[in-house]
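Written out below as structure tokens is the structure these notes cover.
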Amino acid sequence: MVEGEVIERDLKYQLPTNGRVTAAKHQDNGANGGNRRLKDEEFDRYSRQMIVPGMGKEGQLRLINSRVLIIGAGGLGCPAAQYVAGAGIGTIGIVDDDVVEASNLHRQVGHSTARIGMKKVNSLIQHLEDLNPLPTYVPYPYQLTPQNAADIISQYDLVMDCTDNPITRYLISDICVLLGKPLVSAAAVQKSGQLIVLNCPPTPQGLVDGKYAPCYRCCFRKPPPASSMVSCGEAGIMGPVVGMMGVAQAGEAIKILASALHIPPEADTNNNSPERNLQQPTLLIYTYDLDSAVGLYSFRALKMGGRKRNCFACGENSTLTLEGIKAGVPDYVQFCSVPTSSVNLPPEERITAAAYHMAKESGELSEHILIDTREKEHFSFGSIEGAVNTPFSKFLMKAAAIKRDGSPASEILPAEAGESDTPIFVVCRTGIDSQETVEKLKELGLDNGGKRRIVDVMGGMKAWKEEVDPAFPYI
Amino acid sequence: MSPKPPPGHFNILYFATAGSYTSKNVEALPAPLPLKKLFDTLEERYKGIQASVLDHSLVTINLVYVDVDYAGSGNAEEVVIEEGDEVAIIPPVSSG
């Protein structure tokens with residue numbers, strides 16, 4: 001293809017609009033490779049990727065003329081930003097309100113020990129400027145909110161979701177639908193990672209007769225209950241897992257922009273064949289198993305469906321608007337905090353960590369059993385003397401099995417508990433699981449009709465560290 | 001693909017929180033099974049899994065997304081999980 005044709009096609013192209021796409025008025029929509037000479041410094045720097053088949057000068061100029069917004073400067077955002085910056089994307093915006101902590105550094109490779117305490121956005125941009133001074137870096141050292149999201153996102157050609165919570169994920173996806181922005185979305189926790197390209201090529205909200213690319217809501221209709229959502233801070237994360245997803249995310253963003261995959265082949269008003277525009281969306285799943293080498297389940301590429309007719313955001317009867325979002329409709333916080341079975345234990349079934357310690361030390365509390373429901377990795381760093389470890393996940397499984405098979409309820413208790421009326425105390429990490437454990441034990445009748453006390457240690461090992469033992473190795 | 005399930009069975013893979021909930025990565029379940037009965041079957045084996053995991057998860061059969069229909073578009077009515085199929089339960093992951 002000669003360059004003249006490319007430019008002509010680009011000029012003809014206009015983002016499809018249904019009247020609700022208000023902010024897509026870029027002079028340059030990122031498809032325009034332009035026809036200028038590369039500067040010497042660009043020529044040297046990008047030479048190794050420009051000679052890759054399919055890239056060339058045209059692809060490189062498209063990258064240089066593109067604007068990418070990276071939301072989240074953490075485990076995904078750091079590796080993603082490195083490769084996006086290295087590849088020479090012209091403008092890179094980064095949104096994050098957090099500061100660098102030591103516990104970030106095993107995975108957030110764009111920060112450094114010397115920059116602990118610095119805003120992540122500034123720390124990462126410092127790193128990126130070292131790597132490649134040519135792009136323009138735009139810091140947004142605050143949170144993305146329903147109020148500011150459209151204003152920020154409207155200034156970019158492509159969005160990378162590198163965030164760590166469902167509230168922001170749904171917000172980003174909704175804004176991308178309304179503004180017609182492709183979204184490269186990744187996520188990782190503990191030993192699992194996911195990657196999917198959404199809304200690419202962008203299609204106006206409400207068009208459903210045909211195969212159009214899905215949005216985040218088409219794939220994940222509703223968030224998991226708040227209680228089952230775990231953050232990397234709570235559940236942990238292996239550095240290479242989240243790093244792999246971030247790098248793959250950069251790869252997809254570079255591919256989309258260099259090849260203008262987010263632009264429909266033609267601004268086809270007469271030839272309306274949406275199937276041609278659909279990139280078969282694929283959900284890449286990475287499952288990392290600490291117990292085995294690369295195995296059968298390590299990588300999976302799942303074929304996803306297209307846009308859903310009844311999707312809340314992009315479907316045919318969607319009432320989602322930019323104005324509405326700004327005014328607080330929908331309520332993302334409420335949507336993502338589905339009420340869960342909130343346990344409400346009476347005061348006599350709860351004890352503070354300090355009071356438990358006192359009672360134990362004074363001898364007032366003689367014979368009892370203390371069950372620690374943290375996962376065994378947490379338990380391995382330290383525990384209250386005499387505590388028996390029954391990880392909460394195993395506990396729930398066992399409880400379900402007992403209900404199912406009708407096996408004796410006492411099987412769920414550690415051997416130390418015996419059949420007696422010895423009081424049971426339950427402690428967990430932050431005091432949530434322990435309440436549920438107490439509730440479940442009572443449900444199973446293990447309080448022997450009230451003869452045996454089952455008590456929650458309030459606030460978990462976190463409270464124990466704060467109230468009793470400041471040296472306790474709490475994670 | 002995964003190890004072949006025994007005759008008369010299909011494999012089901014549990015990703016992310018589905019794996020934590022069941023304490024398994026994979027197991028074989030009796031086939032054939034209509035897709036619309038899948039969640040009931042799992043709920044029977046793992047009490048509470050529907051509300052905690054399945055309701056917000058993706059389901060695939062042989063690596064292809066299937067709509068376990070909630071709103072009644074009719075899709076789930078027809079789909080039957082056959083012997084030798086590979087089903088996957090994929091909950092969303094949010095962190096990063």
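Every chain in the structure tokens has a letter given in the order shown (A, B, ...), and although residue numbers restart at 1 in each chain, ligands are simply numbered from 1 in the order shown.
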
Considering only C-alpha atoms, extract the chain B residues located within 6 Å of chain A and return them as a PyMOL selection string. chain B and resi 47+56+63-65+93-96

Can you pull out every residue from region 377-463 of chain A that DSSP, working from the backbone, puts in strand (DSSP E or B), and format the result as an MDAnalysis selection string? chainID A and resid 388:389 424:427 454:458

DSSP on the backbone: which residues in chain B end up as alpha helix (DSSP H)? Give the answer as a compact mmCIF listing (two decimals) with C-alpha atoms, in the first residue's frame.
# COMPACT_ATOMS: atom_id res chain seq x y z
CA ALA B 16 -9.33 -18.10 40.09
CA THR B 17 -11.91 -17.97 42.92
CA ALA B 18 -13.76 -20.95 41.45
CA GLY B 19 -10.61 -22.94 42.13
CA SER B 20 -10.33 -21.64 45.68
CA TYR B 21 -13.98 -22.39 46.33
CA THR B 22 -13.81 -25.98 45.11
CA LEU B 38 -24.77 -26.95 35.20
CA PHE B 39 -25.11 -24.40 37.98
CA ASP B 40 -27.58 -26.58 39.92
CA THR B 41 -25.23 -29.51 39.63
CA LEU B 42 -22.34 -27.46 40.96
CA GLU B 43 -24.44 -25.90 43.71
CA GLU B 44 -25.32 -29.39 44.88
CA ARG B 45 -21.65 -30.30 45.14
CA ILE B 49 -20.94 -21.56 44.95
CA GLN B 50 -23.68 -20.08 42.80
CA ALA B 51 -23.98 -16.85 44.76
CA SER B 52 -20.28 -16.58 45.58
CA ASN B 75 -29.60 -20.12 24.18
CA ALA B 76 -28.99 -22.20 27.29
CA GLU B 77 -32.08 -24.28 26.57
CA GLU B 78 -30.46 -25.98 23.63

Using only C-alpha atoms, which residues sit within 10 Å of Arg36 (chain A) once same-chain residues fewer than 3 positions away are excluded, as number ranges by chain? A: 33, 39, 57-58, 61

Keeping only N, CA and C atoms, write those residues as a compact mmCIF listing (two decimals), in the first residue's frame.
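So out.txt came out as:
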# COMPACT_ATOMS: atom_id res chain seq x y z
N GLY A 33 -1.04 7.80 9.88
CA GLY A 33 0.38 7.56 10.00
C GLY A 33 1.18 8.79 9.61
N LYS A 39 12.67 11.57 12.44
CA LYS A 39 13.88 12.27 12.91
C LYS A 39 14.97 11.23 13.17
N LYS A 57 7.58 2.14 8.49
CA LYS A 57 7.51 3.56 8.82
C LYS A 57 6.06 3.96 9.12
N GLU A 58 5.15 3.38 8.37
CA GLU A 58 3.74 3.73 8.56
C GLU A 58 3.27 3.38 9.97
N LEU A 61 4.92 5.68 12.59
CA LEU A 61 4.34 7.03 12.64
C LEU A 61 2.97 7.02 13.29

Report, in Å with one decimal, the straight-line distance from CA of Pro408 (chain A) to CA of Leu446 (chain A).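 Between CA of Pro408 (chain A) and CA of Leu446 (chain A) the gap is 10.2 Å.
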
CA of Ala463 (chain A) to CA of Pro391 (chain A), distance in Å rounded to a single decimal: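 Value for the CA of Ala463 (chain A)-CA of Pro391 (chain A) distance: 18.7 Å.
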
Please list as a short mmCIF file (atom, residue, chain, number, x, y, z; two decimals) with C-alpha atoms, in the first residue's frame every residue within 12 Å of Lys376 (chain A), counting only C-alpha atoms and excluding residues in the same chain fewer than 2 positions away.
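Output saved as result_5.cif:
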data_model
loop_
_atom_site.label_atom_id
_atom_site.label_comp_id
_atom_site.auth_asym_id
_atom_site.auth_seq_id
_atom_site.Cartn_x
_atom_site.Cartn_y
_atom_site.Cartn_z
CA ASP A 372 -6.72 -19.20 63.58
CA THR A 373 -8.51 -19.14 60.21
CA ARG A 374 -5.84 -17.35 58.20
CA HIS A 378 -0.03 -16.08 56.72
CA PHE A 379 0.01 -18.43 59.71
CA SER A 380 3.54 -19.51 58.85
CA PHE A 381 4.97 -16.10 59.81
CA GLY A 382 3.68 -16.28 63.35
CA SER A 383 0.62 -16.88 65.50
CA VAL A 388 -4.45 -24.08 65.75
CA ASN A 389 -4.55 -23.26 62.05
CA THR A 390 -7.77 -24.05 60.13
CA PRO A 391 -7.65 -22.00 56.90
CA PHE A 392 -10.98 -20.33 56.14
CA SER A 393 -11.22 -21.71 52.60
CA LYS A 394 -10.78 -25.26 53.88
CA CYS A 428 -8.49 -14.41 61.55
CA ARG A 429 -6.53 -11.73 59.73
#

What does the distance from CA of Phe425 (chain A) to CA of Leu370 (chain A) come to in Å, to one decimal? 4.7 Å
